[in-house]
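A.B. asks: Provided herewith: work.csv, CSV, C-alpha atoms.
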chain,number,residue,atom,x,y,z
A,1,MET,CA,-20.9,100.8,3.7
A,2,PRO,CA,-19.3,99.3,6.8
A,3,ALA,CA,-20.5,95.8,7.8
A,4,ARG,CA,-21.8,97.1,11.1
A,5,VAL,CA,-24.1,99.7,9.4
A,6,THR,CA,-25.3,97.1,6.9
A,7,GLU,CA,-26.1,94.5,9.5
A,8,GLU,CA,-27.7,97.0,11.9
A,9,ARG,CA,-29.8,98.3,9.0
A,10,LEU,CA,-30.8,94.7,8.2
A,11,VAL,CA,-31.8,94.1,11.8
A,12,LEU,CA,-33.9,97.2,12.0
A,13,GLU,CA,-35.7,96.5,8.7
A,14,ALA,CA,-36.3,92.9,9.7
A,15,ALA,CA,-37.7,94.1,13.0
A,16,ALA,CA,-40.1,96.6,11.3
A,17,GLU,CA,-41.3,93.8,9.0
A,18,CYS,CA,-41.8,91.4,11.9
A,19,PHE,CA,-43.6,94.0,14.0
A,20,ALA,CA,-45.8,94.8,11.1
A,21,ASP,CA,-46.6,91.1,10.5
A,22,ARG,CA,-47.0,89.9,14.1
A,23,GLY,CA,-47.1,92.9,16.3
A,24,PHE,CA,-44.7,94.0,19.1
A,25,GLU,CA,-46.0,91.5,21.6
A,26,GLU,CA,-45.8,88.4,19.5
A,27,THR,CA,-42.5,89.1,17.8
A,28,THR,CA,-39.4,87.7,19.4
A,29,ILE,CA,-35.7,88.5,19.0
A,30,GLU,CA,-35.4,85.1,17.3
A,31,ASP,CA,-38.0,86.1,14.7
A,32,VAL,CA,-36.1,89.3,14.0
A,33,ALA,CA,-32.8,87.4,13.8
A,34,ASP,CA,-34.3,84.8,11.4
A,35,ARG,CA,-35.8,87.5,9.2
A,36,ALA,CA,-32.5,89.4,9.0
A,37,ALA,CA,-30.5,86.1,8.6
A,38,VAL,CA,-28.2,87.0,11.5
A,39,SER,CA,-27.7,85.4,14.9
A,40,ARG,CA,-29.7,86.5,18.0
A,41,ALA,CA,-26.4,87.7,19.4
A,42,THR,CA,-26.0,90.1,16.5
A,43,VAL,CA,-29.5,91.5,17.2
A,44,TYR,CA,-28.6,92.1,20.8
A,45,ARG,CA,-25.2,93.6,19.9
A,46,TYR,CA,-26.6,96.2,17.5
A,47,VAL,CA,-29.8,97.1,19.3
A,48,GLY,CA,-30.0,95.6,22.7
A,49,ASN,CA,-33.1,93.9,24.1
A,50,LYS,CA,-36.5,93.8,22.6
A,51,GLN,CA,-37.6,97.0,24.3
A,52,ALA,CA,-34.7,98.9,22.8
A,53,LEU,CA,-35.5,97.3,19.4
A,54,VAL,CA,-39.1,98.5,19.6
A,55,ALA,CA,-37.9,102.0,20.6
A,56,ARG,CA,-35.4,102.2,17.7
A,57,VAL,CA,-38.0,101.0,15.1
A,58,MET,CA,-40.6,103.5,16.5
A,59,ILE,CA,-38.1,106.3,16.1
A,60,GLU,CA,-37.4,105.3,12.5
A,61,GLU,CA,-41.1,105.2,11.8
A,62,ALA,CA,-41.6,108.6,13.4
A,63,ALA,CA,-38.7,109.9,11.4
A,64,ASN,CA,-40.3,108.7,8.2
A,65,LEU,CA,-43.6,110.3,9.1
A,66,ILE,CA,-41.8,113.6,9.9
A,67,GLU,CA,-39.9,113.5,6.6
A,68,VAL,CA,-43.1,112.9,4.5
A,69,VAL,CA,-45.2,115.4,6.5
A,70,GLY,CA,-42.4,118.0,6.5
A,71,ALA,CA,-42.1,117.8,2.7
A,72,ALA,CA,-45.8,118.2,2.3
A,73,LEU,CA,-45.9,121.2,4.5
A,74,LYS,CA,-43.5,123.1,2.3
A,75,GLY,CA,-46.3,123.2,-0.3
A,76,ALA,CA,-48.8,124.9,1.9
A,77,ASP,CA,-49.5,128.6,1.4
A,78,THR,CA,-51.8,129.5,4.4
A,79,VAL,CA,-52.0,128.5,8.1
A,80,ASP,CA,-55.2,126.5,7.2
A,81,GLY,CA,-53.2,124.9,4.4
A,82,LEU,CA,-50.5,123.9,6.9
A,83,VAL,CA,-53.1,122.4,9.3
A,84,ARG,CA,-55.0,120.5,6.5
A,85,THR,CA,-51.8,119.3,4.8
A,86,GLY,CA,-50.2,118.3,8.1
A,87,VAL,CA,-53.1,116.3,9.4
A,88,ALA,CA,-54.0,114.6,6.0
A,89,SER,CA,-50.4,113.7,5.2
A,90,ALA,CA,-49.8,112.3,8.7
A,91,LEU,CA,-52.9,110.1,8.5
A,92,ARG,CA,-51.9,108.9,5.0
A,93,VAL,CA,-48.5,107.8,6.3
A,94,ILE,CA,-50.1,106.1,9.3
A,95,ASN,CA,-52.6,104.3,7.1
A,96,ASP,CA,-50.0,103.4,4.4
A,97,ARG,CA,-47.0,102.2,6.5
A,98,PRO,CA,-47.6,98.6,7.5
A,99,LEU,CA,-46.2,98.9,11.0
A,100,MET,CA,-48.0,102.1,11.7
A,101,ALA,CA,-51.3,100.7,10.3
A,102,ARG,CA,-50.9,97.7,12.6
A,103,MET,CA,-50.2,99.8,15.6
A,104,ALA,CA,-53.2,102.0,15.0
A,105,GLY,CA,-55.4,99.1,13.9
A,106,PRO,CA,-55.3,95.5,15.1
A,107,ASP,CA,-52.8,96.2,17.9
A,108,LEU,CA,-54.3,99.5,19.1
A,109,GLU,CA,-55.3,98.2,22.5
A,110,THR,CA,-51.8,97.0,23.3
A,111,ASN,CA,-50.3,100.2,21.8
A,112,LEU,CA,-52.7,102.7,23.3
A,113,PRO,CA,-50.2,103.9,25.9
A,114,ARG,CA,-47.8,104.8,23.1
A,115,PHE,CA,-50.4,107.2,21.7
A,116,THR,CA,-51.6,108.5,25.0
A,117,THR,CA,-50.0,108.2,28.5
A,118,ASP,CA,-46.6,107.3,27.2
A,119,SER,CA,-46.6,109.6,24.1
A,120,THR,CA,-44.4,112.4,25.4
A,121,GLY,CA,-41.3,111.2,23.6
A,122,LEU,CA,-43.2,110.6,20.4
A,123,VAL,CA,-44.9,114.1,20.6
A,124,ARG,CA,-41.6,115.8,21.3
A,125,LEU,CA,-39.9,114.0,18.4
A,126,CYS,CA,-42.7,115.0,16.0
A,127,VAL,CA,-42.8,118.6,17.3
A,128,ASP,CA,-39.0,119.0,17.1
A,129,GLY,CA,-38.8,117.5,13.6
A,130,LEU,CA,-41.7,119.4,12.2
A,131,TRP,CA,-40.7,122.7,13.9
A,132,ALA,CA,-37.5,122.5,11.9
A,133,VAL,CA,-39.6,122.8,8.7
A,134,LEU,CA,-42.1,125.4,10.1
A,135,GLU,CA,-39.7,127.8,12.0
A,136,PRO,CA,-38.3,129.4,8.8
A,137,MET,CA,-41.9,130.2,7.8
A,138,GLN,CA,-42.3,132.6,10.7
A,139,GLY,CA,-42.7,136.2,9.6
A,140,HIS,CA,-44.0,135.0,6.2
A,141,LEU,CA,-46.6,132.3,6.3
A,142,LEU,CA,-46.7,132.1,10.1
A,143,PRO,CA,-46.8,135.1,12.4
A,144,ALA,CA,-43.4,135.8,14.0
A,145,THR,CA,-44.3,134.9,17.5
A,146,GLY,CA,-41.2,133.0,18.5
A,147,PRO,CA,-40.6,129.3,19.0
A,148,VAL,CA,-42.6,128.8,22.2
A,149,MET,CA,-46.1,129.7,20.7
A,150,GLY,CA,-45.3,128.1,17.4
A,151,ARG,CA,-44.3,124.8,19.1
A,152,ILE,CA,-47.4,124.9,21.3
A,153,ALA,CA,-49.6,125.2,18.3
A,154,LEU,CA,-47.7,122.5,16.5
A,155,GLU,CA,-48.1,120.2,19.6
A,156,GLU,CA,-51.8,120.6,19.4
A,157,VAL,CA,-51.9,119.5,15.8
A,158,VAL,CA,-49.7,116.5,16.6
A,159,ARG,CA,-52.0,115.5,19.5
A,160,PHE,CA,-55.0,116.0,17.3
A,161,VAL,CA,-53.5,113.4,14.8
A,162,LEU,CA,-52.7,111.0,17.7
A,163,CYS,CA,-56.3,111.4,19.0
A,164,ARG,CA,-57.7,110.6,15.5
A,165,VAL,CA,-55.6,107.5,15.4
A,166,HIS,CA,-56.8,106.0,18.7
A,167,THR,CA,-60.2,107.4,19.3
A,168,PRO,CA,-63.3,106.6,17.2
A,169,THR,CA,-65.3,109.6,16.1
A,170,LEU,CA,-69.1,109.8,15.9
A,171,ASP,CA,-68.8,110.1,12.1
A,172,ALA,CA,-66.6,106.9,12.0
A,173,ASP,CA,-64.1,108.8,9.9
A,174,ASN,CA,-61.4,109.1,12.5
A,175,ARG,CA,-58.6,107.8,10.2
A,176,ASP,CA,-59.9,109.2,7.0
A,177,PRO,CA,-57.2,111.8,6.0
A,178,GLU,CA,-59.6,114.2,4.2
A,179,ALA,CA,-62.3,114.1,6.9
A,180,ALA,CA,-59.7,114.6,9.6
A,181,ALA,CA,-58.2,117.5,7.6
A,182,GLU,CA,-61.6,119.1,7.3
A,183,ARG,CA,-62.3,118.7,11.0
A,184,ALA,CA,-58.8,120.1,11.9
A,185,SER,CA,-59.5,123.1,9.6
A,186,LEU,CA,-62.8,123.8,11.5
A,187,MET,CA,-61.4,123.2,15.0
A,188,LEU,CA,-57.7,123.8,15.0
A,189,THR,CA,-57.1,126.6,12.5
A,190,PRO,CA,-59.3,129.2,14.3
A,191,ALA,CA,-57.6,128.3,17.6
A,192,ILE,CA,-54.2,128.6,16.1
A,193,LEU,CA,-54.9,131.8,14.4
A,194,ALA,CA,-56.4,133.2,17.7
A,195,THR,CA,-53.2,132.2,19.5
A,196,PHE,CA,-51.1,134.3,17.1
A,197,ARG,CA,-53.1,137.5,17.5
Take the structure I supplied and represent it as structure tokens, if you would.

C.D. replies:
Amino acid sequence: MPARVTEERLVLEAAAECFADRGFEETTIEDVADRAAVSRATVYRYVGNKQALVARVMIEEAANLIEVVGAALKGADTVDGLVRTGVASALRVINDRPLMARMAGPDLETNLPRFTTDSTGLVRLCVDGLWAVLEPMQGHLLPATGPVMGRIALEEVVRFVLCRVHTPTLDADNRDPEAAAERASLMLTPAILATFR
């Protein structure tokens, strides 16, 4: 592997670890450089400033989520199974990945815009990545309605997960994967099926 790729990977992994340990706000470029055992100049050269570093790490976290959820979706055999599996597996990833758990837990207040008003890029990334898994299911498991309606339905599921992450529910199970999957089945599956009629 070329030195550039190896050093860049070290920087991104170190940043994810630092952000998980200290949060986005408290982590400095120097913290990341120290953890990666590189100079601050090396961090800047590979990823730019702290804002760019946060963005790159978030894209990598989202890519991991998409990979895990996408693999889980391939095992579903009904639309309800897709909804349940997608919601439960997404929340498991969010709960299990140290950085995601921190973003959705102790640092939620400072990260709230990333899940709400500034979530367009994240939502688009998730929809694009997951649609690549779901699109081939059209005409078999999913009705063949074309990409527009399918992507709209998928966006609602993604937004449901984001809402579960940042908004407490009356039953206090907002981040419990099975409780969220059950609620998604009750609320989203009928709406999605009605959309495809």

A.B. asks: Need to verify the contact set: Ala16 of chain A, 9 Å, all atoms listed in the file, exclusion of same-chain residues closer than 5 positions in sequence. Can you return it as a list in words?

C.D. replies: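 Near neighbours after the sequence-gap exclusion: Val11, Asp21, Val32, Val54, Val57, Met58, Glu61, Pro98 and Leu99 of chain A.
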
A.B. asks: Give me the residues within 12 Å of Ala179 of chain A as a PDB file with C-alpha atoms, in the frame of the given file, counting all atoms listed in the file and dropping any in the same chain fewer than 6 places off.

C.D. replies:
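part-v2.pdb, written as the output of this step:
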ATOM      1  CA  ARG A  84     -55.000 120.500   6.500  1.00  0.00           C
ATOM      2  CA  THR A  85     -51.800 119.300   4.800  1.00  0.00           C
ATOM      3  CA  VAL A  87     -53.100 116.300   9.400  1.00  0.00           C
ATOM      4  CA  ALA A  88     -54.000 114.600   6.000  1.00  0.00           C
ATOM      5  CA  LEU A  91     -52.900 110.100   8.500  1.00  0.00           C
ATOM      6  CA  ARG A  92     -51.900 108.900   5.000  1.00  0.00           C
ATOM      7  CA  VAL A 161     -53.500 113.400  14.800  1.00  0.00           C
ATOM      8  CA  ARG A 164     -57.700 110.600  15.500  1.00  0.00           C
ATOM      9  CA  THR A 169     -65.300 109.600  16.100  1.00  0.00           C
ATOM     10  CA  ASP A 171     -68.800 110.100  12.100  1.00  0.00           C
ATOM     11  CA  ALA A 172     -66.600 106.900  12.000  1.00  0.00           C
ATOM     12  CA  ASP A 173     -64.100 108.800   9.900  1.00  0.00           C
ATOM     13  CA  SER A 185     -59.500 123.100   9.600  1.00  0.00           C
ATOM     14  CA  LEU A 186     -62.800 123.800  11.500  1.00  0.00           C
TER      15      LEU A 186
END

A.B. asks: Write out as an mmCIF file with C-alpha atoms, keeping the file's coordinate frame which residues come within 10 Å of Ala153 of chain A when counting all atoms listed in the file, dropping same-chain ones fewer than 3 positions away.

C.D. replies:
data_model
loop_
_atom_site.group_PDB
_atom_site.id
_atom_site.type_symbol
_atom_site.label_atom_id
_atom_site.label_comp_id
_atom_site.auth_asym_id
_atom_site.auth_seq_id
_atom_site.Cartn_x
_atom_site.Cartn_y
_atom_site.Cartn_z
ATOM 1 C CA VAL A 127 -42.800 118.600 17.300
ATOM 2 C CA PRO A 147 -40.600 129.300 19.000
ATOM 3 C CA VAL A 148 -42.600 128.800 22.200
ATOM 4 C CA MET A 149 -46.100 129.700 20.700
ATOM 5 C CA GLY A 150 -45.300 128.100 17.400
ATOM 6 C CA GLU A 156 -51.800 120.600 19.400
ATOM 7 C CA VAL A 157 -51.900 119.500 15.800
ATOM 8 C CA VAL A 158 -49.700 116.500 16.600
ATOM 9 C CA LEU A 188 -57.700 123.800 15.000
ATOM 10 C CA THR A 189 -57.100 126.600 12.500
ATOM 11 C CA ALA A 191 -57.600 128.300 17.600
ATOM 12 C CA ILE A 192 -54.200 128.600 16.100
ATOM 13 C CA LEU A 193 -54.900 131.800 14.400
ATOM 14 C CA THR A 195 -53.200 132.200 19.500
ATOM 15 C CA PHE A 196 -51.100 134.300 17.100
#

A.B. asks: Grab the atom CA of Thr117 of chain A to atom CA of Val165 of chain A distance for me, in Å with one decimal place.

C.D. replies: 14.3 Å

A.B. asks: Quick one: of A:Glu135, A:Glu25, A:Thr42, A:Ala71, who's nearest to Thr6 of chain A, counting all atoms listed in the file?

C.D. replies: A:Thr42

A.B. asks: Quick check, in Å to one decimal: how far apart do atom CA of Ala132 of chain A and atom CA of Gly70 of chain A lie?

C.D. replies: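 Taking atom CA of Ala132 of chain A as the start and atom CA of Gly70 of chain A as the end point, the length is 8.6 Å.
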
A.B. asks: Provide the atom CA of Ala36 of chain A to atom CA of Asp118 of chain A distance in Å, to one decimal place.

C.D. replies: 29.2 Å

A.B. asks: Fewer than 2 positions away in the same chain doesn't count, so skip those; otherwise give me all residues within 10 Å of Asp31 of chain A, counting all atoms listed in the file, as a list of chain:residue names.

C.D. replies: A:Ala14, A:Ala15, A:Cys18, A:Phe19, A:Arg22, A:Glu26, A:Thr27, A:Thr28, A:Ile29, A:Ala33, A:Asp34, A:Arg35, A:Ala36, A:Ala37, A:Arg40

A.B. asks: Which residue gives the smallest distance to Phe115 of chain A among A:Arg102, A:Arg56, A:Arg159, A:Arg9, with only C-alpha atoms counted?

C.D. replies: A:Arg159

A.B. asks: Find the residues near Gly105 of chain A: any atom within 12 Å, counting all atoms listed in the file, skip ones fewer than 5 places away on the same chain, and give them as a PDB file with C-alpha atoms, keeping the file's coordinate frame.

C.D. replies:
ATOM      1  CA  ALA A  20     -45.800  94.800  11.100  1.00  0.00           C
ATOM      2  CA  GLY A  23     -47.100  92.900  16.300  1.00  0.00           C
ATOM      3  CA  ILE A  94     -50.100 106.100   9.300  1.00  0.00           C
ATOM      4  CA  ASN A  95     -52.600 104.300   7.100  1.00  0.00           C
ATOM      5  CA  ASP A  96     -50.000 103.400   4.400  1.00  0.00           C
ATOM      6  CA  ARG A  97     -47.000 102.200   6.500  1.00  0.00           C
ATOM      7  CA  PRO A  98     -47.600  98.600   7.500  1.00  0.00           C
ATOM      8  CA  LEU A  99     -46.200  98.900  11.000  1.00  0.00           C
ATOM      9  CA  MET A 100     -48.000 102.100  11.700  1.00  0.00           C
ATOM     10  CA  THR A 110     -51.800  97.000  23.300  1.00  0.00           C
ATOM     11  CA  ASN A 111     -50.300 100.200  21.800  1.00  0.00           C
ATOM     12  CA  LEU A 112     -52.700 102.700  23.300  1.00  0.00           C
ATOM     13  CA  ARG A 164     -57.700 110.600  15.500  1.00  0.00           C
ATOM     14  CA  VAL A 165     -55.600 107.500  15.400  1.00  0.00           C
ATOM     15  CA  HIS A 166     -56.800 106.000  18.700  1.00  0.00           C
ATOM     16  CA  THR A 167     -60.200 107.400  19.300  1.00  0.00           C
ATOM     17  CA  PRO A 168     -63.300 106.600  17.200  1.00  0.00           C
ATOM     18  CA  ASN A 174     -61.400 109.100  12.500  1.00  0.00           C
ATOM     19  CA  ARG A 175     -58.600 107.800  10.200  1.00  0.00           C
TER      20      ARG A 175
END

A.B. asks: Which of these residues is nearest to Met187 of chain A, using all atoms listed in the file: A:Gln138, A:Leu122, A:Asp107, A:Phe160?

C.D. replies: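 Closest to Met187 of chain A, using all atoms listed in the file: A:Phe160.
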
A.B. asks: If you take all atoms listed in the file and a cut-off of 9 Å, which residues of segment 86-174 of chain A touch segment 77-81 of chain A, and what are their nearest atom pairs and distances in Å to one decimal, in chain and number order, as a Markdown table?

C.D. replies:
| residue | atom | partner | partner_atom | distance |
| --- | --- | --- | --- | --- |
| A:Gly86 | CA | A:Gly81 | CA | 8.1 |
| A:Leu141 | CA | A:Thr78 | CA | 6.2 |
| A:Leu142 | CA | A:Val79 | CA | 6.7 |
